[in-house]
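I have placed the structure first, in the form of structure tokens, so that the comments after it can refer back to it.
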Amino acid sequence: MNAEIIAIGTELTLGTTVDTNSAWLAGQLATIGVAVSRVSLVGDDLPALTAMIGEAWARAELVICTGGLGPTADDLTREAVAAATERPLEFHPDLFEQIAARFRSFGRTMSESNRQQAYVPTGALAIPNARGTAPVFIVSEPERALMVLPGVPSEMKFLAETELLPFLRNERGLKSILLVRSVYLSGTSEAEAGEAIADLMQAPYPTVGISAKAAQYEVRISALGEDRQQVEADLAAVVAEVTRRLGRYILNKAGLVAHVVHHLREQNQTLALYEGFREAPVYAALRRVPGGLQSVRGVTIHPLDEPVDAEAAESLARAAAAEVRNDWRADYGLAVIPAQVGADGYTDICLVLTDRHGEQSLCRRVDMASSEAFGFIGNGALEIVRRSLETLQRQE
């Protein structure tokens, strides 16, 4: 079964509210083998909404709409679905009474405008909303179905779990299960990792994909079937092959920062930091992980008084890493020093790690206008620590 999700509301198209419903729904549908082929946002405009629902209704076996079920003049989903599916709205007295009873239970007086919430397209299956005042409905035909859910996330999730998923399992006979495993990487590139597993990514089953965020990479392996034991075996085989090919880059499931924190504690190593940014990207990354600062002896945060070029930044980073290691009597000293930002918004970030064996240095060019810039810098610095810790572990 292929599905489309339509998230409805001008607050979404203006960007004042983020559409989290669609991502959650797509994840839930995936667990029963329903692939979401398209997610759309549309404002509270009846012609546009009607056209979008009509197009999806013509293409997909399952259409899910969220939002636009309230009692106000801009809640247009019922009218749009009625027009798109050619099913005129009809009034349901029982739904109206249920809505009124819910208001009474709140000790509130129901407005006349709430009456419109008791209208659903002719022939649709009307479903009371135990978590809110807006009933939902399913338009069901032999080869396709359309379900309308509230936009309020708590109501949407409750009704998806108690009505939508059971409908798909029981009425549409969806018995498949989808299992997903992730392998997390650092110290490589998306291109390099992709080349190493290109044949696996091109195979039709299990499906393998890779994504990148702030110098970390996630290889996702997914398998769909009705025999759970077989699906798990298929997944395990591909995970083992990915691990064999990319083993030196693999992190634990919690990601790079937690991986480094774990190994610092396990190997009884300490770290001192010198941060050349007020934002202190390495310190900020470590403090977000439970126990992340336990192995940190000290932190110096000292932005440069004046801009410097890349060569000077590297020299300063070397001196700073040695300085904090000695001052805080740590096993490792880690310094992060930026060069002057160029006209294109990029700058060289110099990372230096020192220990009793010497130093490691790396300069990386970073787009400081990117929202991921500081995450990229923090992860890049901690990747050097990870490599050093793993070298130490092998030597022991």
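Identifiers in the structure tokens: chain A, B, ... in order shown; residue index from 1 per chain; ligand index from 1 in order shown.
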
Using only C-alpha atoms, which protein or nucleic acid residues come within 10 Å of Leu392 of chain A? Drop anything in the same chain fewer than 5 positions from it, and give the result as an NGL selection string. :A and (267 or 386-387)

Where in segment 106-352 of chain A does DSSP assign alpha helix (DSSP H), given as a ChimeraX atom specification? /A:106,153-159,165-170,190-196,198-202,228-246,256-266,281-287,310-328

Can you list, as a VMD selection string, every residue of segment 119-334 of chain A that DSSP puts in strand (DSSP E or B)? chain A and resid 119 to 121 125 to 127 136 to 141 144 to 149 177 to 186 207 to 213 216 to 225 250 271 to 275 296 to 301 332 to 334

Using only C-alpha atoms, the residue out of A:Glu61, A:Asp344, A:Glu112, A:Glu11 with shortest distance to Val42 of chain A is A:Glu11

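The closest residue to Asn326 of chain A, picked from A:Gln294, A:Ser22, A:Thr10, A:Thr270 and counting only C-alpha atoms, is A:Thr270.
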
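Separating atom CA of Cys65 of chain A from atom CA of Ala23 of chain A is a distance of 13.0 Å.
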
Quick one: residues within 12 Å of Val152 of chain A, only C-alpha atoms counted, chain neighbours fewer than 2 positions away excluded, as a ChimeraX atom specification? /A:7-9,17-22,66-70,129,131-134,149-150,154-160

Once you have the residues from the selection above, write them out as an mmCIF file, in the first residue's frame, restricted to C-alpha atoms.
```cif
data_model
loop_
_atom_site.group_PDB
_atom_site.id
_atom_site.type_symbol
_atom_site.label_atom_id
_atom_site.label_comp_id
_atom_site.auth_asym_id
_atom_site.auth_seq_id
_atom_site.Cartn_x
_atom_site.Cartn_y
_atom_site.Cartn_z
ATOM 1 C CA ALA A 7 -0.965 18.418 6.734
ATOM 2 C CA ILE A 8 -3.500 21.239 6.753
ATOM 3 C CA GLY A 9 -3.272 24.714 8.255
ATOM 4 C CA THR A 17 4.057 25.843 13.541
ATOM 5 C CA VAL A 18 6.265 22.909 12.590
ATOM 6 C CA ASP A 19 4.565 19.874 11.073
ATOM 7 C CA THR A 20 5.614 17.036 13.393
ATOM 8 C CA ASN A 21 2.466 15.011 12.726
ATOM 9 C CA SER A 22 3.531 13.835 9.274
ATOM 10 C CA THR A 66 -4.414 16.089 9.584
ATOM 11 C CA GLY A 67 -5.906 19.358 10.771
ATOM 12 C CA GLY A 68 -8.777 21.625 9.804
ATOM 13 C CA LEU A 69 -11.458 19.843 11.850
ATOM 14 C CA GLY A 70 -12.201 22.641 14.329
ATOM 15 C CA ASN A 129 -12.867 11.636 19.314
ATOM 16 C CA ARG A 131 -9.537 13.120 23.353
ATOM 17 C CA GLY A 132 -11.156 16.183 21.821
ATOM 18 C CA THR A 133 -14.300 17.679 20.336
ATOM 19 C CA ALA A 134 -13.610 17.018 16.643
ATOM 20 C CA LEU A 149 -7.389 13.153 11.753
ATOM 21 C CA PRO A 150 -7.175 16.193 14.055
ATOM 22 C CA SER A 154 -1.989 14.260 21.158
ATOM 23 C CA GLU A 155 -5.409 13.694 19.579
ATOM 24 C CA MET A 156 -3.917 12.710 16.243
ATOM 25 C CA LYS A 157 -1.605 10.104 17.808
ATOM 26 C CA PHE A 158 -4.358 8.619 19.951
ATOM 27 C CA LEU A 159 -6.748 8.233 17.020
ATOM 28 C CA ALA A 160 -4.052 6.913 14.689
#
```

Taking 4 positions as the minimum chain separation for residues in the same chain, which residues sit within 7 Å of segment 329-339 of chain A when counting only C-alpha atoms? Answer as a ChimeraX atom specification. /A:269-276,297,307-310,313,317,320-322,324-325,347-355

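Using only C-alpha atoms, the shortest contact distance between Ile6 of chain A and any of A:Leu165, A:Val148, A:Ala82, A:Val39 is found at A:Val39.
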
Close residues, His263 of chain A itself excluded, 10 Å, only C-alpha atoms, min 6 positions apart in chain, as a JSON list (two decimals) with N, CA and C atoms, in the first residue's frame:
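After the write, out-v4.json holds the following:
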```json
[["chain", "number", "residue", "atom", "x", "y", "z"],
["A", 269, "GLN", "N", 40.66, 8.09, 31.27],
["A", 269, "GLN", "CA", 41.37, 9.21, 30.67],
["A", 269, "GLN", "C", 40.62, 10.51, 30.96],
["A", 295, "SER", "N", 34.72, 13.38, 32.88],
["A", 295, "SER", "CA", 36.13, 13.20, 32.55],
["A", 295, "SER", "C", 36.81, 14.50, 32.14],
["A", 385, "VAL", "N", 39.50, 12.91, 19.28],
["A", 385, "VAL", "CA", 39.61, 12.24, 20.58],
["A", 385, "VAL", "C", 39.26, 10.76, 20.45],
["A", 386, "ARG", "N", 38.21, 10.48, 19.70],
["A", 386, "ARG", "CA", 37.79, 9.07, 19.52],
["A", 386, "ARG", "C", 38.93, 8.24, 18.91],
["A", 389, "LEU", "N", 41.69, 7.62, 21.46],
["A", 389, "LEU", "CA", 41.29, 6.65, 22.48],
["A", 389, "LEU", "C", 41.31, 5.22, 21.93],
["A", 390, "GLU", "N", 40.88, 5.06, 20.70],
["A", 390, "GLU", "CA", 40.88, 3.72, 20.12],
["A", 390, "GLU", "C", 42.30, 3.23, 19.85],
["A", 393, "GLN", "N", 43.56, 2.16, 23.17],
["A", 393, "GLN", "CA", 42.96, 0.87, 23.54],
["A", 393, "GLN", "C", 43.65, -0.30, 22.83]]
```
